[in-house]
$ cat my_file-v1.txt   # compact mmCIF, C-alpha atoms (C1' of nucleotides)
# COMPACT_ATOMS: atom_id res chain seq x y z
CA MET M 1460 -15.67 24.10 -1.08
CA THR M 1461 -16.72 27.01 -3.24
CA GLY M 1462 -19.76 26.78 -5.44
CA SER M 1463 -17.73 26.74 -8.63
CA ILE M 1464 -15.59 23.83 -7.51
CA ASP M 1465 -18.74 22.13 -6.38
CA ARG M 1466 -20.22 22.48 -9.83
CA GLN M 1467 -17.03 21.31 -11.45
CA VAL M 1468 -16.99 18.17 -9.35
CA GLU M 1469 -20.61 17.52 -10.16
CA ALA M 1470 -19.90 17.80 -13.88
CA GLN M 1471 -16.93 15.47 -13.50
CA LEU M 1472 -19.13 12.87 -11.83
CA ARG M 1473 -21.97 13.34 -14.27
CA ALA M 1474 -19.57 12.52 -17.06
CA ASP M 1475 -19.19 9.15 -15.38
CA GLY M 1476 -22.95 8.77 -15.24
CA VAL M 1477 -23.11 9.05 -11.48
CA ARG M 1478 -24.65 11.56 -9.04
CA PHE M 1479 -22.99 13.91 -6.60
CA THR M 1480 -25.02 12.71 -3.65
CA GLU M 1481 -25.00 14.24 -0.19
CA ARG M 1482 -22.99 11.31 1.07
CA ARG M 1483 -20.33 11.85 -1.55
CA ARG M 1484 -20.30 15.56 -0.85
CA ALA M 1485 -19.70 14.84 2.80
CA VAL M 1486 -16.80 12.51 2.03
CA LEU M 1487 -15.16 15.05 -0.26
CA ARG M 1488 -15.72 17.85 2.24
CA ALA M 1489 -14.04 15.78 4.93
CA LEU M 1490 -11.04 15.19 2.67
CA VAL M 1491 -10.75 18.86 1.78
CA ARG M 1492 -10.95 19.78 5.45
CA ALA M 1493 -8.36 17.21 6.50
CA GLU M 1494 -4.76 18.14 7.23
CA GLY M 1495 -3.51 15.25 5.14
CA PRO M 1496 -4.55 12.03 3.42
CA ARG M 1497 -7.25 10.05 5.21
CA SER M 1498 -8.12 6.39 5.17
CA ALA M 1499 -11.63 4.97 4.99
CA ALA M 1500 -11.46 4.12 8.67
CA GLU M 1501 -10.34 7.65 9.55
CA LEU M 1502 -13.15 9.13 7.49
CA HIS M 1503 -15.51 6.79 9.25
CA THR M 1504 -14.46 8.49 12.47
CA ASP M 1505 -14.32 12.01 11.01
CA LEU M 1506 -17.81 11.80 9.60
CA ASP M 1507 -19.20 9.77 12.45
CA ARG M 1508 -22.73 9.19 11.40
CA GLY M 1509 -22.78 5.45 11.48
CA ILE M 1510 -21.97 5.54 7.78
CA PRO M 1511 -20.98 1.98 6.96
CA LEU M 1512 -17.44 1.41 5.79
CA SER M 1513 -18.67 -0.26 2.63
CA SER M 1514 -20.43 2.97 1.66
CA LEU M 1515 -17.31 4.96 2.33
CA TYR M 1516 -15.28 2.65 0.18
CA ARG M 1517 -17.85 2.95 -2.57
CA SER M 1518 -17.93 6.73 -2.36
CA LEU M 1519 -14.15 6.86 -2.49
CA ALA M 1520 -14.08 4.50 -5.47
CA VAL M 1521 -16.55 6.69 -7.35
CA LEU M 1522 -14.66 9.88 -6.53
CA GLU M 1523 -11.39 8.29 -7.50
CA ALA M 1524 -12.76 6.99 -10.81
CA ALA M 1525 -13.94 10.51 -11.62
CA GLY M 1526 -10.52 11.92 -10.82
CA VAL M 1527 -11.77 13.96 -7.90
CA VAL M 1528 -9.68 12.26 -5.25
CA VAL M 1529 -6.45 10.29 -5.50
CA PRO M 1530 -5.24 7.36 -3.46
CA HIS M 1531 -2.06 7.60 -1.45
CA HIS M 1532 -0.25 4.39 -0.50
CA GLY M 1533 2.14 5.59 2.12
CA THR M 1534 1.50 3.17 4.89
CA ARG M 1535 1.60 -0.55 5.30
CA GLY M 1536 -1.61 -2.09 4.02
CA LEU M 1537 -3.59 1.10 4.13
CA THR M 1538 -4.88 3.36 1.40
CA ARG M 1539 -5.44 7.00 2.23
CA TYR M 1540 -7.10 9.50 -0.05
CA GLU M 1541 -6.65 13.18 -0.72
CA PRO M 1542 -8.31 15.66 -3.08
CA ALA M 1543 -6.89 15.53 -6.60
CA GLU M 1544 -4.33 18.15 -7.51
CA TRP M 1545 -6.76 20.23 -9.55
CA LEU M 1546 -8.58 20.74 -6.25
CA SER M 1547 -5.68 21.06 -3.86
CA GLY M 1548 -2.83 22.21 -6.10
CA HIS M 1549 0.34 20.39 -7.11
CA HIS M 1550 2.62 19.80 -4.20
CA HIS M 1551 5.22 17.47 -2.73
CA HIS M 1552 5.79 15.98 0.68
CA VAL M 1553 8.36 16.56 3.36
CA VAL M 1554 8.41 13.66 5.79
CA CYS M 1555 10.00 13.65 9.21
CA ALA M 1556 11.59 10.26 9.82
CA ALA M 1557 11.35 10.74 13.57
CA CYS M 1558 7.79 11.87 14.26
CA GLY M 1559 6.22 10.77 10.98
CA ALA M 1560 4.67 14.14 10.29
CA VAL M 1561 4.01 14.87 6.64
CA GLU M 1562 3.92 18.40 5.35
CA ASP M 1563 3.01 19.68 1.92
CA VAL M 1564 5.55 21.77 0.01
CA GLU M 1565 4.70 23.73 -3.04
CA LEU M 1566 7.79 24.40 -5.12
CA PRO M 1567 8.36 27.82 -6.64
CA PRO M 1568 7.62 27.68 -10.39
CA GLU M 1569 11.23 27.69 -11.53
CA LEU M 1570 12.12 24.78 -9.26
CA GLU M 1571 9.04 22.89 -10.36
CA GLY M 1572 10.15 23.50 -13.92
CA GLU M 1573 13.60 22.11 -13.23
CA LEU M 1574 12.03 19.08 -11.60
CA GLN M 1575 9.86 18.51 -14.65
CA ALA M 1576 12.92 18.66 -16.82
CA VAL M 1577 14.72 16.11 -14.66
CA VAL M 1578 11.73 13.79 -14.89
CA THR M 1579 11.44 14.10 -18.64
CA ARG M 1580 15.11 13.44 -19.18
CA ALA M 1581 15.05 10.59 -16.66
CA VAL M 1582 12.57 8.48 -18.62
CA GLY M 1583 14.30 9.43 -21.85
CA GLY M 1584 13.07 7.47 -24.85
CA SER M 1585 12.01 4.50 -22.78
CA GLY M 1586 8.48 4.50 -24.17
CA PHE M 1587 7.07 5.34 -20.78
CA SER M 1588 4.52 8.16 -20.94
CA VAL M 1589 4.82 10.47 -17.97
CA ARG M 1590 1.62 11.51 -16.31
CA GLY M 1591 2.85 13.01 -13.09
CA HIS M 1592 5.55 12.93 -10.47
CA SER M 1593 5.90 13.10 -6.76
CA LEU M 1594 8.92 14.10 -4.75
CA GLU M 1595 9.29 12.96 -1.19
CA ILE M 1596 11.89 14.66 0.95
CA ASP M 1597 12.92 12.71 4.03
CA GLY M 1598 14.72 14.05 7.04
CA ARG M 1599 14.01 15.61 10.39
CA CYS M 1600 11.73 18.47 11.16
CA ARG M 1601 12.93 21.35 13.30
CA ARG M 1602 11.50 19.83 16.47
CA CYS M 1603 13.00 16.39 15.99
CA ALA M 1604 16.36 17.51 14.62
CA MET A 1109 26.18 -10.56 -4.02
CA THR A 1110 29.88 -10.22 -3.27
CA GLY A 1111 31.44 -11.87 -0.30
CA SER A 1112 32.02 -8.61 1.48
CA ILE A 1113 28.42 -7.53 1.19
CA ASP A 1114 27.44 -10.98 2.27
CA ARG A 1115 29.51 -10.63 5.40
CA GLN A 1116 28.15 -7.19 6.06
CA VAL A 1117 24.59 -8.43 5.90
CA GLU A 1118 25.41 -11.30 8.17
CA ALA A 1119 26.86 -8.95 10.74
CA GLN A 1120 23.80 -6.74 10.46
CA LEU A 1121 21.53 -9.70 11.16
CA ARG A 1122 23.71 -11.04 13.92
CA ALA A 1123 23.34 -7.72 15.67
CA ASP A 1124 19.63 -8.52 15.78
CA GLY A 1125 20.33 -11.94 17.23
CA VAL A 1126 19.19 -13.78 14.13
CA ARG A 1127 20.91 -16.00 11.56
CA PHE A 1128 21.58 -15.43 7.90
CA THR A 1129 20.04 -18.72 6.81
CA GLU A 1130 20.08 -20.16 3.32
CA ARG A 1131 16.43 -19.23 2.92
CA ARG A 1132 17.09 -15.63 3.81
CA ARG A 1133 20.09 -15.54 1.52
CA ALA A 1134 17.89 -16.79 -1.30
CA VAL A 1135 15.27 -14.09 -0.64
CA LEU A 1136 17.87 -11.36 -0.56
CA ARG A 1137 19.55 -12.71 -3.69
CA ALA A 1138 16.22 -12.66 -5.52
CA LEU A 1139 15.66 -9.05 -4.49
CA VAL A 1140 19.14 -8.02 -5.58
CA ARG A 1141 18.61 -9.73 -8.93
CA ALA A 1142 15.23 -8.09 -9.49
CA GLU A 1143 14.83 -4.96 -11.61
CA GLY A 1144 12.56 -3.35 -9.07
CA PRO A 1145 10.67 -3.94 -5.81
CA ARG A 1146 9.09 -7.38 -5.44
CA SER A 1147 6.13 -8.53 -3.40
CA ALA A 1148 6.02 -11.71 -1.36
CA ALA A 1149 3.85 -13.32 -4.03
CA GLU A 1150 6.28 -12.32 -6.78
CA LEU A 1151 9.19 -13.71 -4.80
CA HIS A 1152 7.21 -16.86 -4.30
CA THR A 1153 7.18 -17.21 -8.07
CA ASP A 1154 10.77 -16.04 -8.58
CA LEU A 1155 12.14 -18.52 -6.08
CA ASP A 1156 9.73 -21.27 -6.96
CA ARG A 1157 10.65 -23.99 -4.56
CA GLY A 1158 7.35 -24.43 -2.86
CA ILE A 1159 8.60 -22.06 -0.21
CA PRO A 1160 5.48 -21.18 1.79
CA LEU A 1161 4.37 -17.58 1.71
CA SER A 1162 4.42 -17.39 5.46
CA SER A 1163 8.13 -18.14 5.42
CA LEU A 1164 8.72 -15.49 2.81
CA TYR A 1165 6.86 -12.96 4.90
CA ARG A 1166 8.90 -13.93 7.92
CA SER A 1167 12.17 -13.68 6.04
CA LEU A 1168 11.22 -10.28 4.70
CA ALA A 1169 10.23 -9.07 8.16
CA VAL A 1170 13.59 -10.15 9.57
CA LEU A 1171 15.54 -8.55 6.75
CA GLU A 1172 13.54 -5.36 7.08
CA ALA A 1173 14.06 -5.17 10.83
CA ALA A 1174 17.81 -5.45 10.24
CA GLY A 1175 17.74 -2.64 7.69
CA VAL A 1176 18.81 -4.93 4.86
CA VAL A 1177 15.67 -4.52 2.78
CA VAL A 1178 13.15 -1.72 2.61
CA PRO A 1179 9.39 -1.89 2.07
CA HIS A 1180 7.80 0.01 -0.75
CA HIS A 1181 4.09 0.83 -0.68
CA GLY A 1182 3.44 1.88 -4.21
CA THR A 1183 0.49 -0.23 -5.10
CA ARG A 1184 -2.95 -0.80 -3.78
CA GLY A 1185 -2.87 -3.28 -0.95
CA LEU A 1186 0.53 -4.66 -1.76
CA THR A 1187 3.90 -4.28 -0.12
CA ARG A 1188 6.97 -4.76 -2.26
CA TYR A 1189 10.52 -4.95 -0.98
CA GLU A 1190 13.87 -3.96 -2.33
CA PRO A 1191 17.44 -4.04 -1.03
CA ALA A 1192 18.27 -1.06 1.15
CA GLU A 1193 20.19 1.72 -0.60
CA TRP A 1194 23.48 0.78 1.02
CA LEU A 1195 23.17 -2.46 -0.98
CA SER A 1196 21.58 -1.34 -4.21
CA GLY A 1197 22.63 2.26 -4.61
CA HIS A 1198 20.46 5.35 -4.73
CA HIS A 1199 17.69 5.27 -7.30
CA HIS A 1200 14.14 6.34 -8.05
CA HIS A 1201 10.95 4.67 -9.25
CA VAL A 1202 8.86 4.71 -12.37
CA VAL A 1203 5.36 3.42 -11.70
CA CYS A 1204 2.79 2.36 -14.28
CA ALA A 1205 -0.65 3.51 -13.17
CA ALA A 1206 -2.32 0.81 -15.25
CA CYS A 1207 -0.53 -2.41 -14.39
CA GLY A 1208 1.18 -1.33 -11.19
CA ALA A 1209 4.63 -2.40 -12.29
CA VAL A 1210 7.47 -0.55 -10.61
CA GLU A 1211 10.88 -0.15 -12.15
CA ASP A 1212 14.06 1.38 -10.81
CA VAL A 1213 15.72 4.34 -12.51
CA GLU A 1214 19.14 5.53 -11.66
CA LEU A 1215 19.61 9.13 -12.65
CA PRO A 1216 22.79 10.19 -14.42
CA PRO A 1217 24.98 12.11 -11.96
CA GLU A 1218 24.25 15.55 -13.37
CA LEU A 1219 20.50 15.01 -13.11
CA GLU A 1220 20.83 13.62 -9.62
CA GLY A 1221 22.81 16.74 -8.80
CA GLU A 1222 20.09 18.99 -10.15
CA LEU A 1223 17.54 17.06 -8.15
CA GLN A 1224 19.60 17.50 -5.00
CA ALA A 1225 19.74 21.20 -5.67
CA VAL A 1226 15.97 21.37 -6.11
CA VAL A 1227 15.48 19.54 -2.83
CA THR A 1228 17.87 21.75 -0.95
CA ARG A 1229 16.30 24.92 -2.22
CA ALA A 1230 12.80 23.51 -1.66
CA VAL A 1231 13.21 23.19 2.08
CA GLY A 1232 15.02 26.52 2.15
CA GLY A 1233 15.59 27.84 5.65
CA SER A 1234 12.66 25.95 7.11
CA GLY A 1235 14.77 24.26 9.76
CA PHE A 1236 14.12 20.88 8.23
CA SER A 1237 17.29 18.82 7.86
CA VAL A 1238 17.30 16.80 4.68
CA ARG A 1239 18.39 13.21 4.96
CA GLY A 1240 17.26 11.78 1.65
CA HIS A 1241 14.76 12.04 -1.13
CA SER A 1242 12.76 9.84 -3.42
CA LEU A 1243 11.25 10.72 -6.76
CA GLU A 1244 8.34 8.76 -8.09
CA ILE A 1245 7.42 9.11 -11.74
CA ASP A 1246 3.86 8.06 -12.58
CA GLY A 1247 2.45 7.28 -15.96
CA ARG A 1248 1.99 4.37 -18.31
CA CYS A 1249 4.53 1.84 -19.38
CA ARG A 1250 4.98 1.03 -23.05
CA ARG A 1251 2.64 -1.95 -22.88
CA CYS A 1252 -0.20 -0.15 -21.12
CA ALA A 1253 0.08 3.14 -23.02
C1' DT W 869 -40.35 3.21 -14.55
C1' DT W 870 -35.45 3.06 -14.86
C1' DC W 871 -31.16 3.50 -13.05
C1' DC W 872 -28.19 4.84 -9.49
C1' DT W 873 -27.25 4.34 -4.48
C1' DT W 874 -27.04 2.27 -0.05
C1' DG W 875 -26.86 -1.27 3.77
C1' DC W 876 -25.88 -5.58 5.34
C1' DA W 877 -23.48 -9.60 5.38
C1' DA W 878 -20.58 -12.66 3.14
C1' DA W 879 -16.51 -13.06 0.39
C1' DC W 880 -11.66 -11.85 -0.69
C1' DG W 881 -6.72 -11.20 -0.92
C1' DA W 882 -2.68 -9.91 1.48
C1' DT W 883 -0.39 -10.56 5.62
C1' DT W 884 0.18 -12.33 10.41
C1' DT W 885 0.22 -15.57 14.13
C1' DG W 886 -0.17 -19.95 17.18
C1' DC W 887 1.69 -24.15 17.66
C1' DA W 888 4.26 -28.14 17.00
C1' DT W 889 8.50 -29.61 14.50
C1' DT W 890 13.04 -29.19 12.56
C1' DG W 891 17.69 -27.64 12.51
C1' DG W 892 21.99 -25.12 13.50
C1' DA W 893 25.80 -23.61 16.69
C1' DT U 609 21.26 -28.72 24.61
C1' DC U 610 19.01 -24.46 23.55
C1' DC U 611 16.99 -21.23 20.90
C1' DA U 612 16.08 -19.72 16.35
C1' DA U 613 13.75 -21.11 11.96
C1' DT U 614 10.13 -23.28 9.52
C1' DG U 615 5.61 -25.31 7.87
C1' DC U 616 0.92 -25.60 8.20
C1' DA U 617 -3.42 -24.04 9.24
C1' DA U 618 -6.23 -20.75 11.32
C1' DA U 619 -6.87 -16.06 12.29
C1' DT U 620 -6.70 -10.89 11.08
C1' DC U 621 -7.30 -6.84 8.61
C1' DG U 622 -8.34 -3.80 5.05
C1' DT U 623 -11.23 -3.86 1.22
C1' DT U 624 -14.65 -5.62 -2.26
C1' DT U 625 -18.93 -7.62 -3.82
C1' DG U 626 -23.75 -9.91 -4.23
C1' DC U 627 -28.14 -8.97 -3.38
C1' DA U 628 -32.29 -6.77 -1.98
C1' DA U 629 -34.27 -2.31 -0.51
C1' DG U 630 -34.44 2.83 -1.02
C1' DG U 631 -34.33 7.21 -3.98
C1' DA U 632 -33.83 10.48 -7.59
C1' DA U 633 -34.94 11.80 -12.27

$ encode --input "my_file-v1.txt" --output "structure tokens"
Amino acid sequence: MTGSIDRQVEAQLRADGVRFTERRRAVLRALVRAEGPRSAAELHTDLDRGIPLSSLYRSLAVLEAAGVVVPHHGTRGLTRYEPAEWLSGHHHHVVCAACGAVEDVELPPELEGELQAVVTRAVGGSGFSVRGHSLEIDGRCRRCA
Amino acid sequence: MTGSIDRQVEAQLRADGVRFTERRRAVLRALVRAEGPRSAAELHTDLDRGIPLSSLYRSLAVLEAAGVVVPHHGTRGLTRYEPAEWLSGHHHHVVCAACGAVEDVELPPELEGELQAVVTRAVGGSGFSVRGHSLEIDGRCRRCA
DNA sequence: TTCCTTGCAAACGATTTGCATTGGA
DNA sequence: TCCAATGCAAATCGTTTGCAAGGAA
């Protein structure tokens, strides 16, 4: 985490009237380091400091409310978190149906533009206000093919 | 639910050594009728017959194992189900970030085609073999806007 | 001092499971 | 008859919350 991002996150939290404590820094660092979304239980292991789960949940809730991390509901009854897009960049997921591996894909600008257009036209004049989109591509990775 | 689909589902279940009981028919019918994925609790309301939740969960588990319905993990701590695509057709989801409601959207053919093209080009020559895709559009529904 | 933060334990809500009963082929 | 299906209640599991103690500004 560079200093500038660090300061940006702090400002973001301050706007919510909360502090960027060492505990919260550690949680965010662990998420940035991670290969993919992590659950509270996984972070509990990653951080391994006897940090109680309730504290992890509270840290995650605070970071989520400030828009620093976003929840990911991919798995049965489990919420995993990852850094928000302004920290990690906009991307999509390629999921292997066989081994379950999830990989990030960043689309080239012109494809991302086309995708945006599809989304906009898809909701049409339905009154729904689009905030974001997420494309999941399912199939088999090279190894499992 | 047409008779032919009905028979197809029955065969699918029979292959798993289970029966297509009236209860399970009712659950599937409710899902087919619904505009989008439904949770066990929502089905409990939809069906309103004092059908115990545990039975609903068991019916859903059986239908899922047979590939007749598919789980959808869009919302915090909640699993919703919908008919598998071979029953309901290919579609995408619009999710309201405020109230959690999920609605189906079927893209007009030319948009679906564009989306396919984006997907194909996105994986490029990575060796990943595409099997399907799913687009989730996030934002706020008219009511929550 | 005044809030924000944390730990601990209890509370919760969604989902699952054990067990005895019912029902269909 | 035999095994699957069901209902009920208790058990699980991930997550949230009340409350009292600890810390930073």

$ closest_residue --input "my_file-v1.txt" --among "M:Ser1518, M:Gln1575, M:Thr1538, M:Thr1504" --to "chain U" --atoms "only C-alpha atoms (C1' of nucleotides)"
M:Thr1538

$ axis_aligned_box --input "my_file-v1.txt" --around "stretch 1461-1472 of chain M" --padding-each-side "4 Å" --output "lines of an AutoDock Vina configuration file"
center_x = -18.1
center_y = 19.9
center_z = -8.6
size_x = 13.0
size_y = 22.1
size_z = 18.6

$ calpha_fit_and_write --input "my_file-v1.txt" --fixed "chain A" --moving "chain M" --output "mmCIF file with C-alpha atoms, in the frame of the given file"
data_model
loop_
_atom_site.group_PDB
_atom_site.id
_atom_site.type_symbol
_atom_site.label_atom_id
_atom_site.label_comp_id
_atom_site.auth_asym_id
_atom_site.auth_seq_id
_atom_site.Cartn_x
_atom_site.Cartn_y
_atom_site.Cartn_z
ATOM 1 C CA MET M 1460 25.493 -11.738 -4.825
ATOM 2 C CA THR M 1461 29.243 -11.395 -4.591
ATOM 3 C CA GLY M 1462 31.117 -12.704 -1.606
ATOM 4 C CA SER M 1463 31.960 -9.245 -0.331
ATOM 5 C CA ILE M 1464 28.354 -8.104 -0.349
ATOM 6 C CA ASP M 1465 27.462 -11.361 1.289
ATOM 7 C CA ARG M 1466 29.898 -10.675 4.084
ATOM 8 C CA GLN M 1467 28.684 -7.129 4.436
ATOM 9 C CA VAL M 1468 25.108 -8.280 4.829
ATOM 10 C CA GLU M 1469 26.159 -10.845 7.378
ATOM 11 C CA ALA M 1470 27.951 -8.188 9.416
ATOM 12 C CA GLN M 1471 24.901 -5.942 9.189
ATOM 13 C CA LEU M 1472 22.705 -8.714 10.562
ATOM 14 C CA ARG M 1473 25.197 -9.719 13.211
ATOM 15 C CA ALA M 1474 25.092 -6.179 14.504
ATOM 16 C CA ASP M 1475 21.420 -6.815 15.165
ATOM 17 C CA GLY M 1476 22.278 -10.023 16.975
ATOM 18 C CA VAL M 1477 20.741 -12.241 14.337
ATOM 19 C CA ARG M 1478 22.105 -14.862 11.909
ATOM 20 C CA PHE M 1479 22.289 -14.822 8.141
ATOM 21 C CA THR M 1480 20.556 -18.155 7.753
ATOM 22 C CA GLU M 1481 20.120 -20.050 4.508
ATOM 23 C CA ARG M 1482 16.473 -19.094 4.466
ATOM 24 C CA ARG M 1483 17.305 -15.424 4.734
ATOM 25 C CA ARG M 1484 19.968 -15.766 2.080
ATOM 26 C CA ALA M 1485 17.424 -17.297 -0.240
ATOM 27 C CA VAL M 1486 14.953 -14.471 0.343
ATOM 28 C CA LEU M 1487 17.583 -11.821 -0.324
ATOM 29 C CA ARG M 1488 18.832 -13.658 -3.401
ATOM 30 C CA ALA M 1489 15.301 -13.766 -4.766
ATOM 31 C CA LEU M 1490 14.930 -10.020 -4.234
ATOM 32 C CA VAL M 1491 18.244 -9.263 -5.904
ATOM 33 C CA ARG M 1492 17.283 -11.461 -8.837
ATOM 34 C CA ALA M 1493 13.840 -9.904 -9.207
ATOM 35 C CA GLU M 1494 13.061 -7.310 -11.857
ATOM 36 C CA GLY M 1495 11.315 -5.127 -9.313
ATOM 37 C CA PRO M 1496 9.873 -5.056 -5.803
ATOM 38 C CA ARG M 1497 8.287 -8.307 -4.650
ATOM 39 C CA SER M 1498 5.620 -9.029 -2.096
ATOM 40 C CA ALA M 1499 5.706 -11.857 0.427
ATOM 41 C CA ALA M 1500 3.182 -13.763 -1.645
ATOM 42 C CA GLU M 1501 5.255 -13.300 -4.803
ATOM 43 C CA LEU M 1502 8.374 -14.485 -3.015
ATOM 44 C CA HIS M 1503 6.398 -17.439 -1.783
ATOM 45 C CA THR M 1504 5.878 -18.343 -5.426
ATOM 46 C CA ASP M 1505 9.395 -17.395 -6.556
ATOM 47 C CA LEU M 1506 11.051 -19.517 -3.916
ATOM 48 C CA ASP M 1507 8.482 -22.267 -4.038
ATOM 49 C CA ARG M 1508 9.676 -24.624 -1.407
ATOM 50 C CA GLY M 1509 6.618 -24.731 0.745
ATOM 51 C CA ILE M 1510 8.213 -22.003 2.835
ATOM 52 C CA PRO M 1511 5.394 -20.745 5.026
ATOM 53 C CA LEU M 1512 4.336 -17.155 4.566
ATOM 54 C CA SER M 1513 4.910 -16.434 8.231
ATOM 55 C CA SER M 1514 8.578 -17.340 7.790
ATOM 56 C CA LEU M 1515 8.846 -15.106 4.777
ATOM 57 C CA TYR M 1516 7.344 -12.237 6.673
ATOM 58 C CA ARG M 1517 9.759 -12.847 9.511
ATOM 59 C CA SER M 1518 12.752 -13.008 7.197
ATOM 60 C CA LEU M 1519 11.681 -9.791 5.517
ATOM 61 C CA ALA M 1520 11.182 -8.092 8.881
ATOM 62 C CA VAL M 1521 14.678 -9.091 9.981
ATOM 63 C CA LEU M 1522 16.251 -7.955 6.717
ATOM 64 C CA GLU M 1523 14.357 -4.706 6.838
ATOM 65 C CA ALA M 1524 15.350 -4.016 10.452
ATOM 66 C CA ALA M 1525 18.986 -4.527 9.474
ATOM 67 C CA GLY M 1526 18.622 -2.118 6.577
ATOM 68 C CA VAL M 1527 19.277 -4.767 3.968
ATOM 69 C CA VAL M 1528 15.931 -4.509 2.231
ATOM 70 C CA VAL M 1529 13.393 -1.695 2.104
ATOM 71 C CA PRO M 1530 9.632 -1.838 1.892
ATOM 72 C CA HIS M 1531 7.813 -0.307 -1.033
ATOM 73 C CA HIS M 1532 4.154 0.652 -0.613
ATOM 74 C CA GLY M 1533 3.079 1.193 -4.158
ATOM 75 C CA THR M 1534 -0.014 -0.891 -4.334
ATOM 76 C CA ARG M 1535 -3.265 -1.057 -2.484
ATOM 77 C CA GLY M 1536 -2.843 -3.025 0.720
ATOM 78 C CA LEU M 1537 0.343 -4.715 -0.331
ATOM 79 C CA THR M 1538 3.919 -4.259 0.775
ATOM 80 C CA ARG M 1539 6.657 -5.165 -1.661
ATOM 81 C CA TYR M 1540 10.332 -5.266 -0.834
ATOM 82 C CA GLU M 1541 13.496 -4.498 -2.731
ATOM 83 C CA PRO M 1542 17.194 -4.555 -1.837
ATOM 84 C CA ALA M 1543 18.323 -1.420 -0.014
ATOM 85 C CA GLU M 1544 20.050 1.229 -2.074
ATOM 86 C CA TRP M 1545 23.521 0.352 -0.819
ATOM 87 C CA LEU M 1546 22.938 -2.990 -2.536
ATOM 88 C CA SER M 1547 21.091 -1.903 -5.640
ATOM 89 C CA GLY M 1548 22.172 1.718 -6.071
ATOM 90 C CA HIS M 1549 20.143 4.905 -5.744
ATOM 91 C CA HIS M 1550 17.510 5.183 -8.391
ATOM 92 C CA HIS M 1551 14.056 6.516 -9.190
ATOM 93 C CA HIS M 1552 11.012 5.089 -10.884
ATOM 94 C CA VAL M 1553 9.345 5.742 -14.188
ATOM 95 C CA VAL M 1554 5.800 4.418 -14.163
ATOM 96 C CA CYS M 1555 3.618 3.843 -17.185
ATOM 97 C CA ALA M 1556 0.050 4.807 -16.330
ATOM 98 C CA ALA M 1557 -1.293 2.529 -19.042
ATOM 99 C CA CYS M 1558 0.458 -0.809 -18.575
ATOM 100 C CA GLY M 1559 1.665 -0.301 -15.009
ATOM 101 C CA ALA M 1560 5.243 -1.188 -15.815
ATOM 102 C CA VAL M 1561 7.815 0.294 -13.475
ATOM 103 C CA GLU M 1562 11.333 0.955 -14.622
ATOM 104 C CA ASP M 1563 14.328 2.110 -12.639
ATOM 105 C CA VAL M 1564 16.114 5.295 -13.704
ATOM 106 C CA GLU M 1565 19.458 6.292 -12.402
ATOM 107 C CA LEU M 1566 19.993 10.020 -12.769
ATOM 108 C CA PRO M 1567 23.316 11.358 -13.992
ATOM 109 C CA PRO M 1568 25.257 12.823 -11.040
ATOM 110 C CA GLU M 1569 24.632 16.459 -11.890
ATOM 111 C CA LEU M 1570 20.881 15.922 -12.126
ATOM 112 C CA GLU M 1571 20.889 13.960 -8.899
ATOM 113 C CA GLY M 1572 22.739 16.863 -7.341
ATOM 114 C CA GLU M 1573 20.146 19.341 -8.542
ATOM 115 C CA LEU M 1574 17.414 17.113 -7.173
ATOM 116 C CA GLN M 1575 19.137 16.998 -3.803
ATOM 117 C CA ALA M 1576 19.303 20.748 -3.792
ATOM 118 C CA VAL M 1577 15.599 21.032 -4.571
ATOM 119 C CA VAL M 1578 14.807 18.659 -1.722
ATOM 120 C CA THR M 1579 16.966 20.501 0.766
ATOM 121 C CA ARG M 1580 15.487 23.850 -0.126
ATOM 122 C CA ALA M 1581 11.976 22.384 -0.141
ATOM 123 C CA VAL M 1582 12.023 21.397 3.528
ATOM 124 C CA GLY M 1583 13.788 24.635 4.386
ATOM 125 C CA GLY M 1584 14.049 25.265 8.113
ATOM 126 C CA SER M 1585 10.986 23.217 8.920
ATOM 127 C CA GLY M 1586 12.816 21.053 11.442
ATOM 128 C CA PHE M 1587 12.322 18.003 9.287
ATOM 129 C CA SER M 1588 15.525 15.987 8.891
ATOM 130 C CA VAL M 1589 15.867 14.602 5.396
ATOM 131 C CA ARG M 1590 16.959 11.024 5.098
ATOM 132 C CA GLY M 1591 16.218 10.269 1.491
ATOM 133 C CA HIS M 1592 14.001 11.060 -1.445
ATOM 134 C CA SER M 1593 12.232 9.293 -4.214
ATOM 135 C CA LEU M 1594 11.082 10.695 -7.511
ATOM 136 C CA GLU M 1595 8.315 9.020 -9.421
ATOM 137 C CA ILE M 1596 7.809 10.005 -13.027
ATOM 138 C CA ASP M 1597 4.400 9.141 -14.436
ATOM 139 C CA GLY M 1598 3.443 8.975 -18.062
ATOM 140 C CA ARG M 1599 3.324 6.534 -20.924
ATOM 141 C CA CYS M 1600 6.021 4.227 -22.094
ATOM 142 C CA ARG M 1601 6.932 4.054 -25.762
ATOM 143 C CA ARG M 1602 4.635 1.096 -26.381
ATOM 144 C CA CYS M 1603 1.583 2.591 -24.719
ATOM 145 C CA ALA M 1604 2.052 6.152 -25.950
#

$ interface_residues --input "my_file-v1.txt" --of "chain A" --to "chain U" --cutoff "8 Å" --atoms "only C-alpha atoms (C1' of nucleotides)" --output "JSON, numbers by chain"
{"A": [1126, 1127, 1160, 1163]}

$ closest_residue --input "my_file-v1.txt" --among "M:Cys1555, M:Leu1506, M:Ala1543, M:Leu1515" --to "A:Gly1240" --atoms "only C-alpha atoms"
M:Cys1555

$ interface_residues --input "my_file-v1.txt" --of "chain W" --to "chain A" --cutoff "12 Å" --atoms "all atoms listed in the file" --output "ChimeraX atom specification"
/W:881-885,891-893

$ atom_distance --input "my_file-v1.txt" --atom1 "atom CA of A:Phe1128" --atom2 "atom C1' of W:DG886"
24.1 Å

$ atom_distance --input "my_file-v1.txt" --atom1 "atom CA of M:Ile1464" --atom2 "atom CA of M:Leu1546"
7.8 Å
